[in-house]
file query.cif (mmCIF, C-alpha atoms)
data_final
#
loop_
_atom_site.group_PDB
_atom_site.id
_atom_site.type_symbol
_atom_site.label_atom_id
_atom_site.label_comp_id
_atom_site.auth_asym_id
_atom_site.auth_seq_id
_atom_site.Cartn_x
_atom_site.Cartn_y
_atom_site.Cartn_z
ATOM 1 C CA MET K 1 0.000 0.000 0.000
ATOM 2 C CA ALA K 2 1.115 3.532 -0.734
ATOM 3 C CA ILE K 3 -0.164 4.719 2.645
ATOM 4 C CA GLN K 4 2.266 4.109 5.486
ATOM 5 C CA THR K 5 1.249 1.843 8.377
ATOM 6 C CA SER K 6 2.038 4.656 10.792
ATOM 7 C CA ASP K 7 -0.411 6.936 8.949
ATOM 8 C CA ILE K 8 -3.136 4.268 9.023
ATOM 9 C CA LYS K 9 -2.675 3.989 12.772
ATOM 10 C CA ARG K 10 -2.639 7.758 13.232
ATOM 11 C CA VAL K 11 -5.890 8.412 11.388
ATOM 12 C CA LYS K 12 -7.540 5.465 13.135
ATOM 13 C CA GLY K 13 -6.946 7.395 16.343
ATOM 14 C CA GLU K 14 -8.929 10.228 14.761
ATOM 15 C CA GLY K 15 -11.830 7.924 13.883
ATOM 16 C CA PHE K 16 -10.914 6.845 10.326
ATOM 17 C CA LEU K 17 -10.843 3.089 9.806
ATOM 18 C CA LEU K 18 -9.293 1.465 6.757
ATOM 19 C CA ASN K 19 -11.819 -0.167 4.425
ATOM 20 C CA ARG K 20 -10.804 -3.792 3.909
ATOM 21 C CA GLY K 21 -9.009 -4.422 0.602
ATOM 22 C CA THR K 22 -8.782 -0.735 -0.300
ATOM 23 C CA GLU K 23 -6.813 2.403 0.453
ATOM 24 C CA GLU K 24 -9.964 4.231 1.524
ATOM 25 C CA PHE K 25 -11.333 4.904 4.999
ATOM 26 C CA SER K 26 -14.608 5.136 6.889
ATOM 27 C CA GLY K 27 -14.957 8.328 8.912
ATOM 28 C CA ARG K 28 -16.704 7.658 12.213
ATOM 29 C CA ILE K 29 -18.940 10.474 13.437
ATOM 30 C CA ILE K 30 -19.565 10.638 17.172
ATOM 31 C CA THR K 31 -23.057 11.347 18.456
ATOM 32 C CA GLU K 32 -23.434 12.420 22.075
ATOM 33 C CA ASN K 33 -26.423 10.173 22.679
ATOM 34 C CA GLY K 34 -27.424 8.634 19.363
ATOM 35 C CA ILE K 35 -29.013 11.838 18.049
ATOM 36 C CA LEU K 36 -28.195 13.949 14.996
ATOM 37 C CA THR K 37 -30.336 16.862 13.898
ATOM 38 C CA ALA K 38 -31.853 17.024 10.415
ATOM 39 C CA LYS K 39 -29.398 19.823 9.610
ATOM 40 C CA GLN K 40 -26.443 17.685 10.718
ATOM 41 C CA MET K 41 -27.688 14.801 8.594
ATOM 42 C CA ARG K 42 -27.857 17.086 5.557
ATOM 43 C CA ILE K 43 -24.296 18.269 6.159
ATOM 44 C CA LEU K 44 -23.142 14.701 6.691
ATOM 45 C CA SER K 45 -24.892 13.516 3.520
ATOM 46 C CA GLN K 46 -23.214 16.249 1.499
ATOM 47 C CA ALA K 47 -19.794 15.369 2.976
ATOM 48 C CA ALA K 48 -20.372 11.679 2.209
ATOM 49 C CA GLU K 49 -21.127 12.499 -1.419
ATOM 50 C CA GLN K 50 -18.263 14.956 -1.805
ATOM 51 C CA TYR K 51 -15.492 13.061 -0.007
ATOM 52 C CA GLY K 52 -16.742 9.459 0.332
ATOM 53 C CA ASN K 53 -18.711 7.014 -1.775
ATOM 54 C CA GLY K 54 -22.058 8.653 -1.044
ATOM 55 C CA LYS K 55 -23.131 6.122 1.567
ATOM 56 C CA ILE K 56 -23.779 6.488 5.306
ATOM 57 C CA GLU K 57 -23.529 3.478 7.618
ATOM 58 C CA PHE K 58 -24.949 3.205 11.129
ATOM 59 C CA THR K 59 -22.916 1.251 13.662
ATOM 60 C CA SER K 60 -24.167 -0.971 16.467
ATOM 61 C CA ARG K 61 -23.051 1.674 18.971
ATOM 62 C CA LEU K 62 -25.062 4.570 17.538
ATOM 63 C CA THR K 63 -22.222 6.240 15.714
ATOM 64 C CA VAL K 64 -22.328 6.999 11.994
ATOM 65 C CA GLU K 65 -19.665 6.111 9.443
ATOM 66 C CA CYS K 66 -19.075 7.506 5.970
ATOM 67 C CA PRO K 67 -17.035 4.961 3.951
ATOM 68 C CA GLY K 68 -14.906 5.426 0.858
ATOM 69 C CA ILE K 69 -12.917 8.470 2.004
ATOM 70 C CA HIS K 70 -9.507 8.785 0.373
ATOM 71 C CA TYR K 71 -6.621 9.448 2.750
ATOM 72 C CA ASP K 72 -5.943 12.866 1.219
ATOM 73 C CA ASN K 73 -9.571 13.906 1.768
ATOM 74 C CA ILE K 74 -9.654 13.172 5.501
ATOM 75 C CA PRO K 75 -8.867 16.772 6.622
ATOM 76 C CA SER K 76 -11.470 18.174 4.224
ATOM 77 C CA PHE K 77 -14.079 15.708 5.472
ATOM 78 C CA GLN K 78 -13.350 16.644 9.091
ATOM 79 C CA GLN K 79 -13.659 20.335 8.272
ATOM 80 C CA ALA K 80 -16.934 19.787 6.450
ATOM 81 C CA VAL K 81 -18.640 17.918 9.300
ATOM 82 C CA ALA K 82 -17.227 20.373 11.847
ATOM 83 C CA GLU K 83 -19.451 23.038 10.288
ATOM 84 C CA GLY K 84 -22.365 21.044 11.676
ATOM 85 C CA GLY K 85 -20.771 20.678 15.113
ATOM 86 C CA MET K 86 -19.721 17.083 14.454
ATOM 87 C CA VAL K 87 -16.415 15.376 15.175
ATOM 88 C CA THR K 88 -14.821 12.067 14.276
ATOM 89 C CA GLY K 89 -13.335 9.610 16.763
ATOM 90 C CA GLY K 90 -14.453 6.686 18.895
ATOM 91 C CA THR K 91 -11.446 4.370 18.785
ATOM 92 C CA GLY K 92 -8.602 3.393 21.101
ATOM 93 C CA SER K 93 -8.037 2.202 24.674
ATOM 94 C CA LYS K 94 -10.242 4.797 26.277
ATOM 95 C CA VAL K 95 -13.858 5.550 27.082
ATOM 96 C CA ARG K 96 -15.826 4.847 23.923
ATOM 97 C CA PRO K 97 -18.921 6.741 22.687
ATOM 98 C CA ILE K 98 -21.889 6.398 25.029
ATOM 99 C CA VAL K 99 -24.792 4.264 23.833
ATOM 100 C CA SER K 100 -28.347 5.106 24.891
ATOM 101 C CA CYS K 101 -31.690 3.467 24.244
ATOM 102 C CA LYS K 102 -34.682 5.629 23.267
ATOM 103 C CA GLY K 103 -35.970 5.690 26.840
ATOM 104 C CA THR K 104 -36.481 9.452 26.589
ATOM 105 C CA THR K 105 -39.471 8.927 24.290
ATOM 106 C CA CYS K 106 -40.248 5.218 24.804
ATOM 107 C CA VAL K 107 -43.473 4.408 26.664
ATOM 108 C CA PHE K 108 -41.498 2.023 28.885
ATOM 109 C CA GLY K 109 -38.649 4.454 29.593
ATOM 110 C CA LEU K 110 -38.303 5.357 33.252
ATOM 111 C CA TYR K 111 -36.168 8.475 32.741
ATOM 112 C CA ASP K 112 -34.539 10.727 30.161
ATOM 113 C CA THR K 113 -31.854 8.355 28.882
ATOM 114 C CA GLN K 114 -30.608 10.699 26.173
ATOM 115 C CA GLN K 115 -29.969 13.483 28.672
ATOM 116 C CA LEU K 116 -28.027 11.177 30.986
ATOM 117 C CA ALA K 117 -26.068 9.843 28.006
ATOM 118 C CA LYS K 118 -25.224 13.408 27.003
ATOM 119 C CA GLU K 119 -23.942 14.163 30.509
ATOM 120 C CA LEU K 120 -21.829 11.003 30.496
ATOM 121 C CA HIS K 121 -20.530 11.893 27.022
ATOM 122 C CA GLU K 122 -19.352 15.326 28.177
ATOM 123 C CA LYS K 123 -17.873 14.085 31.442
ATOM 124 C CA PHE K 124 -16.217 10.878 30.321
ATOM 125 C CA TYR K 125 -15.939 10.626 26.522
ATOM 126 C CA VAL K 126 -14.853 14.252 26.186
ATOM 127 C CA GLY K 127 -13.493 14.876 29.683
ATOM 128 C CA TYR K 128 -11.502 11.638 29.816
ATOM 129 C CA HIS K 129 -10.527 11.645 26.131
ATOM 130 C CA ASP K 130 -6.793 11.758 26.872
ATOM 131 C CA VAL K 131 -6.962 9.108 29.611
ATOM 132 C CA ILE K 132 -5.401 5.883 28.348
ATOM 133 C CA LEU K 133 -6.959 2.698 29.780
ATOM 134 C CA PRO K 134 -5.847 -0.950 29.613
ATOM 135 C CA HIS K 135 -8.498 -1.550 26.934
ATOM 136 C CA LYS K 136 -11.622 0.084 25.506
ATOM 137 C CA PHE K 137 -14.370 0.932 28.005
ATOM 138 C CA LYS K 138 -17.956 0.841 26.765
ATOM 139 C CA ILE K 139 -20.909 2.418 28.584
ATOM 140 C CA ALA K 140 -24.589 1.740 27.829
ATOM 141 C CA VAL K 141 -27.548 3.692 29.204
ATOM 142 C CA GLY K 142 -30.797 1.704 29.390
ATOM 143 C CA GLY K 143 -34.158 3.194 30.277
ATOM 144 C CA CYS K 144 -35.827 0.121 31.753
ATOM 145 C CA PRO K 145 -35.336 -3.613 32.370
ATOM 146 C CA ASN K 146 -36.314 -4.411 28.770
ATOM 147 C CA ASN K 147 -32.554 -3.992 28.214
ATOM 148 C CA CYS K 148 -32.874 -3.062 24.529
ATOM 149 C CA VAL K 149 -29.403 -1.507 24.552
ATOM 150 C CA LYS K 150 -27.953 -4.576 26.352
ATOM 151 C CA PRO K 151 -26.433 -2.729 29.340
ATOM 152 C CA ASP K 152 -25.209 -5.957 30.946
ATOM 153 C CA LEU K 153 -23.024 -6.723 27.911
ATOM 154 C CA ASN K 154 -21.055 -3.486 28.288
ATOM 155 C CA ASP K 155 -18.093 -2.706 30.515
ATOM 156 C CA LEU K 156 -20.570 -0.624 32.490
ATOM 157 C CA GLY K 157 -24.316 -0.666 32.013
ATOM 158 C CA ILE K 158 -27.033 1.451 33.578
ATOM 159 C CA VAL K 159 -30.670 0.318 33.852
ATOM 160 C CA GLY K 160 -33.563 2.482 35.058
ATOM 161 C CA GLN K 161 -35.500 1.078 38.010
ATOM 162 C CA ARG K 162 -38.772 1.891 39.792
ATOM 163 C CA VAL K 163 -39.243 0.054 43.077
ATOM 164 C CA SER K 164 -42.854 -0.710 43.998
ATOM 165 C CA LYS K 165 -44.144 -1.575 47.462
ATOM 166 C CA VAL K 166 -47.679 -2.489 48.515
ATOM 167 C CA GLN K 167 -49.114 -0.556 51.436
ATOM 168 C CA ALA K 168 -50.984 -3.337 53.197
ATOM 169 C CA GLU K 169 -53.366 -0.996 54.986
ATOM 170 C CA GLY K 170 -54.573 0.439 51.686
ATOM 171 C CA CYS K 171 -54.896 -2.862 49.789
ATOM 172 C CA LYS K 172 -58.526 -4.025 49.429
ATOM 173 C CA GLY K 173 -57.628 -7.511 48.237
ATOM 174 C CA CYS K 174 -59.583 -7.073 45.004
ATOM 175 C CA ALA K 175 -60.680 -10.288 43.301
ATOM 176 C CA SER K 176 -59.422 -8.729 40.054
ATOM 177 C CA CYS K 177 -56.186 -7.032 41.139
ATOM 178 C CA SER K 178 -55.096 -4.446 38.557
ATOM 179 C CA VAL K 179 -51.538 -4.516 39.897
ATOM 180 C CA MET K 180 -51.352 -8.262 39.412
ATOM 181 C CA GLU K 181 -52.823 -8.008 35.926
ATOM 182 C CA GLU K 182 -50.335 -5.340 34.833
ATOM 183 C CA CYS K 183 -47.176 -7.067 36.121
ATOM 184 C CA PRO K 184 -45.328 -8.642 33.156
ATOM 185 C CA MET K 185 -43.111 -10.688 35.470
ATOM 186 C CA GLY K 186 -45.876 -12.449 37.397
ATOM 187 C CA ALA K 187 -44.322 -11.107 40.587
ATOM 188 C CA VAL K 188 -47.610 -10.142 42.293
ATOM 189 C CA SER K 189 -49.777 -12.620 44.187
ATOM 190 C CA MET K 190 -52.466 -12.572 46.859
ATOM 191 C CA GLN K 191 -51.421 -13.611 50.346
ATOM 192 C CA ASP K 192 -54.000 -13.519 53.143
ATOM 193 C CA GLY K 193 -56.196 -11.186 51.141
ATOM 194 C CA LYS K 194 -53.424 -8.692 50.379
ATOM 195 C CA ALA K 195 -51.330 -8.134 47.265
ATOM 196 C CA LEU K 196 -47.704 -9.161 47.742
ATOM 197 C CA ILE K 197 -44.750 -8.414 45.453
ATOM 198 C CA ASP K 198 -42.054 -11.095 45.219
ATOM 199 C CA VAL K 199 -38.880 -8.989 45.245
ATOM 200 C CA ASP K 200 -36.878 -11.860 43.767
ATOM 201 C CA GLN K 201 -39.246 -12.051 40.789
ATOM 202 C CA CYS K 202 -39.822 -8.308 40.346
ATOM 203 C CA ASN K 203 -37.443 -6.550 37.948
ATOM 204 C CA ASN K 204 -38.457 -3.006 39.000
ATOM 205 C CA CYS K 205 -39.852 -2.144 35.584
ATOM 206 C CA GLY K 206 -42.430 0.200 37.138
ATOM 207 C CA ARG K 207 -45.246 -1.004 34.868
ATOM 208 C CA CYS K 208 -47.505 -1.534 37.887
ATOM 209 C CA GLN K 209 -47.159 1.973 39.254
ATOM 210 C CA GLY K 210 -50.327 4.009 39.032
ATOM 211 C CA THR K 211 -52.481 0.964 38.293
ATOM 212 C CA CYS K 212 -53.982 0.356 41.754
ATOM 213 C CA ARG K 213 -57.479 1.831 41.897
ATOM 214 C CA PHE K 214 -57.094 2.478 45.624
ATOM 215 C CA ASP K 215 -53.573 3.928 45.523
ATOM 216 C CA ALA K 216 -52.258 1.090 47.667
ATOM 217 C CA LEU K 217 -49.015 0.955 45.711
ATOM 218 C CA GLU K 218 -46.155 3.056 47.013
ATOM 219 C CA HIS K 219 -44.233 4.697 44.175
ATOM 220 C CA SER K 220 -40.519 5.423 44.093
ATOM 221 C CA GLU K 221 -38.440 7.912 42.181
ATOM 222 C CA THR K 222 -36.294 6.529 39.395
ATOM 223 C CA MET K 223 -33.273 4.641 40.660
ATOM 224 C CA TYR K 224 -30.461 3.054 38.673
ATOM 225 C CA ARG K 225 -29.087 -0.489 38.576
ATOM 226 C CA VAL K 226 -25.419 -0.690 37.576
ATOM 227 C CA TYR K 227 -23.805 -3.675 35.853
ATOM 228 C CA VAL K 228 -20.024 -3.961 35.633
ATOM 229 C CA GLY K 229 -17.673 -6.087 33.588
ATOM 230 C CA GLY K 230 -19.937 -7.145 30.744
ATOM 231 C CA LYS K 231 -18.561 -7.808 27.267
ATOM 232 C CA TRP K 232 -19.687 -9.237 23.952
ATOM 233 C CA GLY K 233 -17.533 -10.797 21.286
ATOM 234 C CA LYS K 234 -15.117 -13.698 21.165
ATOM 235 C CA ARG K 235 -15.389 -14.196 24.920
ATOM 236 C CA VAL K 236 -18.738 -13.254 26.415
ATOM 237 C CA ARG K 237 -19.239 -12.182 30.015
ATOM 238 C CA MET K 238 -22.536 -11.044 31.461
ATOM 239 C CA GLY K 239 -22.129 -7.924 33.563
ATOM 240 C CA SER K 240 -22.335 -8.349 37.322
ATOM 241 C CA PRO K 241 -25.029 -6.217 38.998
ATOM 242 C CA LEU K 242 -24.027 -4.123 41.971
ATOM 243 C CA THR K 243 -26.175 -4.875 45.004
ATOM 244 C CA LYS K 244 -27.448 -1.382 45.729
ATOM 245 C CA LEU K 245 -29.570 0.866 43.563
ATOM 246 C CA PHE K 246 -28.131 4.312 42.844
ATOM 247 C CA THR K 247 -29.572 7.812 42.662
ATOM 248 C CA ARG K 248 -28.793 9.905 39.577
ATOM 249 C CA ASP K 249 -25.834 11.672 41.222
ATOM 250 C CA GLU K 250 -24.562 8.403 42.644
ATOM 251 C CA VAL K 251 -24.712 6.631 39.285
ATOM 252 C CA ILE K 252 -22.526 9.282 37.637
ATOM 253 C CA ASP K 253 -20.025 8.879 40.472
ATOM 254 C CA ALA K 254 -20.186 5.095 40.049
ATOM 255 C CA VAL K 255 -19.244 5.425 36.372
ATOM 256 C CA GLU K 256 -16.232 7.542 37.253
ATOM 257 C CA LYS K 257 -15.172 5.163 40.001
ATOM 258 C CA ALA K 258 -15.350 2.223 37.592
ATOM 259 C CA ILE K 259 -13.147 4.015 35.044
ATOM 260 C CA LEU K 260 -10.651 4.923 37.766
ATOM 261 C CA LEU K 261 -10.684 1.373 39.106
ATOM 262 C CA PHE K 262 -9.931 0.040 35.610
ATOM 263 C CA LYS K 263 -7.152 2.596 35.184
ATOM 264 C CA GLN K 264 -5.644 1.662 38.548
ATOM 265 C CA GLN K 265 -6.134 -2.106 38.646
ATOM 266 C CA GLY K 266 -6.399 -3.176 35.003
ATOM 267 C CA ILE K 267 -3.644 -4.964 33.116
ATOM 268 C CA SER K 268 -2.840 -3.881 29.570
ATOM 269 C CA GLY K 269 -4.878 -5.866 27.079
ATOM 270 C CA GLU K 270 -7.546 -7.088 29.469
ATOM 271 C CA ARG K 271 -11.153 -5.896 29.420
ATOM 272 C CA PHE K 272 -12.805 -4.528 32.544
ATOM 273 C CA GLY K 273 -14.661 -7.822 32.950
ATOM 274 C CA ASP K 274 -11.314 -9.616 33.236
ATOM 275 C CA THR K 275 -10.267 -7.127 35.906
ATOM 276 C CA VAL K 276 -13.513 -7.764 37.800
ATOM 277 C CA GLU K 277 -12.984 -11.533 37.611
ATOM 278 C CA ARG K 278 -9.393 -11.253 38.767
ATOM 279 C CA LEU K 279 -10.136 -8.980 41.726
ATOM 280 C CA GLY K 280 -13.414 -10.615 42.706
ATOM 281 C CA MET K 281 -16.845 -9.013 42.625
ATOM 282 C CA SER K 282 -16.963 -8.490 46.379
ATOM 283 C CA LYS K 283 -13.812 -6.352 46.338
ATOM 284 C CA VAL K 284 -14.895 -4.480 43.216
ATOM 285 C CA GLU K 285 -18.275 -3.586 44.698
ATOM 286 C CA LYS K 286 -16.709 -2.286 47.891
ATOM 287 C CA MET K 287 -14.393 -0.060 45.850
ATOM 288 C CA LEU K 288 -17.247 1.269 43.704
ATOM 289 C CA VAL K 289 -19.482 2.062 46.668
ATOM 290 C CA ALA K 290 -16.753 3.764 48.717
ATOM 291 C CA ASP K 291 -15.261 7.150 47.782
ATOM 292 C CA ASN K 292 -11.552 6.352 47.981
ATOM 293 C CA LEU K 293 -11.164 6.128 44.192
ATOM 294 C CA LEU K 294 -12.570 9.630 43.747
ATOM 295 C CA ARG K 295 -10.342 11.009 46.509
ATOM 296 C CA ARG K 296 -7.314 9.537 44.719
ATOM 297 C CA LYS K 297 -8.506 10.584 41.251
ATOM 298 C CA GLU K 298 -5.560 12.821 40.327
ATOM 299 C CA GLU K 299 -3.045 10.258 41.543
ATOM 300 C CA ILE K 300 -4.722 7.456 39.583
ATOM 301 C CA LEU K 301 -4.916 9.495 36.391
ATOM 302 C CA GLU K 302 -1.141 9.975 36.533
ATOM 303 C CA ILE K 303 -0.569 6.208 36.248
ATOM 304 C CA GLU K 304 1.178 5.341 32.981
ATOM 305 C CA THR K 305 -0.948 2.791 31.164
ATOM 306 C CA VAL K 306 -0.076 0.786 28.062
ATOM 307 C CA ALA K 307 -3.034 0.763 25.662
ATOM 308 C CA GLY K 308 -4.180 -2.751 24.834
ATOM 309 C CA ALA K 309 -7.141 -2.359 22.456
ATOM 310 C CA LYS K 310 -6.618 -3.800 18.989
ATOM 311 C CA CYS K 311 -10.038 -2.870 17.569
#

call {"tool": "encode", "arguments": {"input": "query.cif", "output": "structure tokens"}}
result
Amino acid sequence: MAIQTSDIKRVKGEGFLLNRGTEEFSGRIITENGILTAKQMRILSQAAEQYGNGKIEFTSRLTVECPGIHYDNIPSFQQAVAEGGMVTGGTGSKVRPIVSCKGTTCVFGLYDTQQLAKELHEKFYVGYHDVILPHKFKIAVGGCPNNCVKPDLNDLGIVGQRVSKVQAEGCKGCASCSVMEECPMGAVSMQDGKALIDVDQCNNCGRCQGTCRFDALEHSETMYRVYVGGKWGKRVRMGSPLTKLFTRDEVIDAVEKAILLFKQQGISGERFGDTVERLGMSKVEKMLVADNLLRRKEEILEIETVAGAKC
């Protein structure tokens, strides 16, 4: 190839991946939360026609790629998309672009997933962009236990939760219990004339909330379940759920703690799930619940880490 290997590696770091069997590249556009405006799409379409092969490809992680870009046209393509406030990137041993489900508008969504994803994008994709990790670190933001975005197959996954509790004194023991009928998990039963929720069966989807005709169901604010160490690919590992549920502020802290833990404890070339397995879930959970990692943040970020991601 006429293009040097060092140049291929350099532009990959900027979000341009070599198209197999060619000397052309796909430019990867980063979305903050899976959203591009109509204006941005028009700009991107024009750039794809002018500098690529006229096609736009959507990736499994809600980024957008324009293939067929010649090496010499990479700067021009970057300048063109920058006019729409877009940047290329999303590769390397660092925090990868945040993936969010459509919980913001979905009837099952328990919170504004796209807003949380945007906050995580600014704080960790942008804010931690120069932080080298042992491997790539993927974050998924899920709006409910339907798990459409597969949070438990990411290095860190977030799932919206609504905890329901029956107030026994308000329950009338209806022969046709609306709470029982609404529960998709079959977690509600009648015990001694009162509705009872099996906490081991309930997945905190919140579908039952607001269904009791006598307001006997205690509602909770949205909480967040956090899964750590998940990965998909050649070696699959389901993410391990942390025991406690987190508030919104706590979940953002938990994400940062997990990144710092990986930076501090990870070995070059291993995914976060491997780190979790090696340290043990009990130790990992204690570290993610405590605040020591945040107190030592600056010290941890100074650790020299050898990047291990190959893709």

call {"tool": "residues_around", "arguments": {"input": "query.cif", "residues": "segment 177-193 of chain K", "least_positions_apart": "2", "cutoff": "10 Å", "atoms": "all atoms listed in the file", "output": "PyMOL selection string"}}
result
chain K and resi 166+168+171-175+195-213+216-217

call {"tool": "closest_residue", "arguments": {"input": "query.cif", "among": "K:Leu36, K:Val289, K:Val141, K:Ile29", "to": "Cys66 of chain K", "atoms": "only C-alpha atoms"}}
result
K:Ile29

call {"tool": "atom_distance", "arguments": {"input": "query.cif", "atom1": "atom CA of Ile259 of chain K", "atom2": "atom CA of Lys150 of chain K"}}
result
19.2 Å

call {"tool": "resolve_selection", "arguments": {"input": "query.cif", "expression": "the PyMOL selection byres ((chain K and resi 244) around 10)", "output": "number ranges by chain"}}
result
K: 223-226, 241-243, 245-247, 285, 289

call {"tool": "resolve_selection", "arguments": {"input": "query.cif", "expression": "the PyMOL selection byres ((chain K and resi 81-93) around 8)", "output": "short mmCIF file (atom, residue, chain, number, x, y, z; two decimals) with C-alpha atoms, in the frame of the given file"}}
result
data_model
loop_
_atom_site.label_atom_id
_atom_site.label_comp_id
_atom_site.auth_asym_id
_atom_site.auth_seq_id
_atom_site.Cartn_x
_atom_site.Cartn_y
_atom_site.Cartn_z
CA LYS K 12 -7.54 5.46 13.14
CA GLY K 13 -6.95 7.40 16.34
CA GLU K 14 -8.93 10.23 14.76
CA GLY K 15 -11.83 7.92 13.88
CA PHE K 16 -10.91 6.84 10.33
CA GLY K 27 -14.96 8.33 8.91
CA ARG K 28 -16.70 7.66 12.21
CA ILE K 29 -18.94 10.47 13.44
CA ILE K 30 -19.57 10.64 17.17
CA THR K 31 -23.06 11.35 18.46
CA LYS K 39 -29.40 19.82 9.61
CA GLN K 40 -26.44 17.68 10.72
CA ILE K 43 -24.30 18.27 6.16
CA LEU K 44 -23.14 14.70 6.69
CA ALA K 47 -19.79 15.37 2.98
CA PHE K 77 -14.08 15.71 5.47
CA GLN K 78 -13.35 16.64 9.09
CA GLN K 79 -13.66 20.34 8.27
CA ALA K 80 -16.93 19.79 6.45
CA LYS K 94 -10.24 4.80 26.28
CA VAL K 95 -13.86 5.55 27.08
CA ARG K 96 -15.83 4.85 23.92
CA PRO K 97 -18.92 6.74 22.69
CA ILE K 132 -5.40 5.88 28.35
CA LEU K 133 -6.96 2.70 29.78
CA PRO K 134 -5.85 -0.95 29.61
CA HIS K 135 -8.50 -1.55 26.93
CA LYS K 136 -11.62 0.08 25.51
CA PHE K 137 -14.37 0.93 28.00
CA ALA K 307 -3.03 0.76 25.66
CA GLY K 308 -4.18 -2.75 24.83
CA ALA K 309 -7.14 -2.36 22.46
CA LYS K 310 -6.62 -3.80 18.99
CA CYS K 311 -10.04 -2.87 17.57
#

call {"tool": "closest_atom_pairs", "arguments": {"input": "query.cif", "of": "segment 129-206 of chain K", "to": "segment 106-115 of chain K", "cutoff": "12 Å", "atoms": "all atoms listed in the file", "output": "CSV"}}
result
residue,atom,partner,partner_atom,distance
K:Ala140,CA,K:Thr113,CA,9.9
K:Val141,CA,K:Thr113,CA,6.4
K:Gly142,CA,K:Thr113,CA,6.8
K:Gly143,CA,K:Gly109,CA,4.7
K:Cys144,CA,K:Gly109,CA,5.6
K:Pro145,CA,K:Phe108,CA,9.0
K:Asn146,CA,K:Phe108,CA,8.3
K:Asn147,CA,K:Gly109,CA,10.5
K:Cys148,CA,K:Gly109,CA,10.7
K:Val149,CA,K:Thr113,CA,11.0
K:Ile158,CA,K:Thr113,CA,9.6
K:Val159,CA,K:Leu110,CA,9.2
K:Gly160,CA,K:Leu110,CA,5.8
K:Gln161,CA,K:Leu110,CA,7.0
K:Arg162,CA,K:Leu110,CA,7.4
K:Val163,CA,K:Leu110,CA,11.2
K:Asn204,CA,K:Leu110,CA,10.1
K:Cys205,CA,K:Leu110,CA,8.0
K:Gly206,CA,K:Leu110,CA,7.7

call {"tool": "resolve_selection", "arguments": {"input": "query.cif", "expression": "the PyMOL selection byres ((chain K and resi 55) around 12)", "output": "VMD selection string"}}
result
chain K and resid 26 to 27 44 to 54 56 to 58 64 to 69

call {"tool": "residues_around", "arguments": {"input": "query.cif", "residues": "Ile98 of chain K", "least_positions_apart": "6", "cutoff": "7 Å", "atoms": "only C-alpha atoms", "output": "PyMOL selection string"}}
result
chain K and resi 32-33+117+121+139-140

call {"tool": "write_last_selection", "arguments": {"input": "query.cif", "atoms": "C-alpha atoms", "output": "PDB file, in the frame of the given file"}}
result
ATOM      1  CA  GLU K  32     -23.434  12.420  22.075  1.00  0.00           C
ATOM      2  CA  ASN K  33     -26.423  10.173  22.679  1.00  0.00           C
ATOM      3  CA  ALA K 117     -26.068   9.843  28.006  1.00  0.00           C
ATOM      4  CA  HIS K 121     -20.530  11.893  27.022  1.00  0.00           C
ATOM      5  CA  ILE K 139     -20.909   2.418  28.584  1.00  0.00           C
ATOM      6  CA  ALA K 140     -24.589   1.740  27.829  1.00  0.00           C
TER       7      ALA K 140
END

call {"tool": "closest_residue", "arguments": {"input": "query.cif", "among": "K:Val251, K:Ala290, K:Ile300, K:Ile35", "to": "Leu120 of chain K", "atoms": "only C-alpha atoms"}}
result
K:Val251

call {"tool": "atom_distance", "arguments": {"input": "query.cif", "atom1": "atom CA of Glu299 of chain K", "atom2": "atom CA of Glu122 of chain K"}}
result
21.7 Å

call {"tool": "atom_distance", "arguments": {"input": "query.cif", "atom1": "atom CA of Ala254 of chain K", "atom2": "atom CA of Lys234 of chain K"}}
result
27.1 Å

call {"tool": "closest_residue", "arguments": {"input": "query.cif", "among": "K:Met41, K:Leu62, K:Val131, K:Ile8", "to": "Ile74 of chain K", "atoms": "all atoms listed in the file"}}
result
K:Ile8

call {"tool": "residues_near_point", "arguments": {"input": "query.cif", "point": "(-23.3, -11.3, 34.5)", "cutoff": "12 Å", "atoms": "all atoms listed in the file", "output": "ChimeraX atom specification"}}
result
/K:150-157,226-232,236-242,273,276-277,281

call {"tool": "closest_residue", "arguments": {"input": "query.cif", "among": "K:Thr104, K:Thr305, K:Ser282, K:Asn292", "to": "Gln265 of chain K", "atoms": "all atoms listed in the file"}}
result
K:Thr305

call {"tool": "closest_residue", "arguments": {"input": "query.cif", "among": "K:Arg42, K:Asp249, K:His70, K:Glu169", "to": "Leu17 of chain K", "atoms": "only C-alpha atoms"}}
result
K:His70
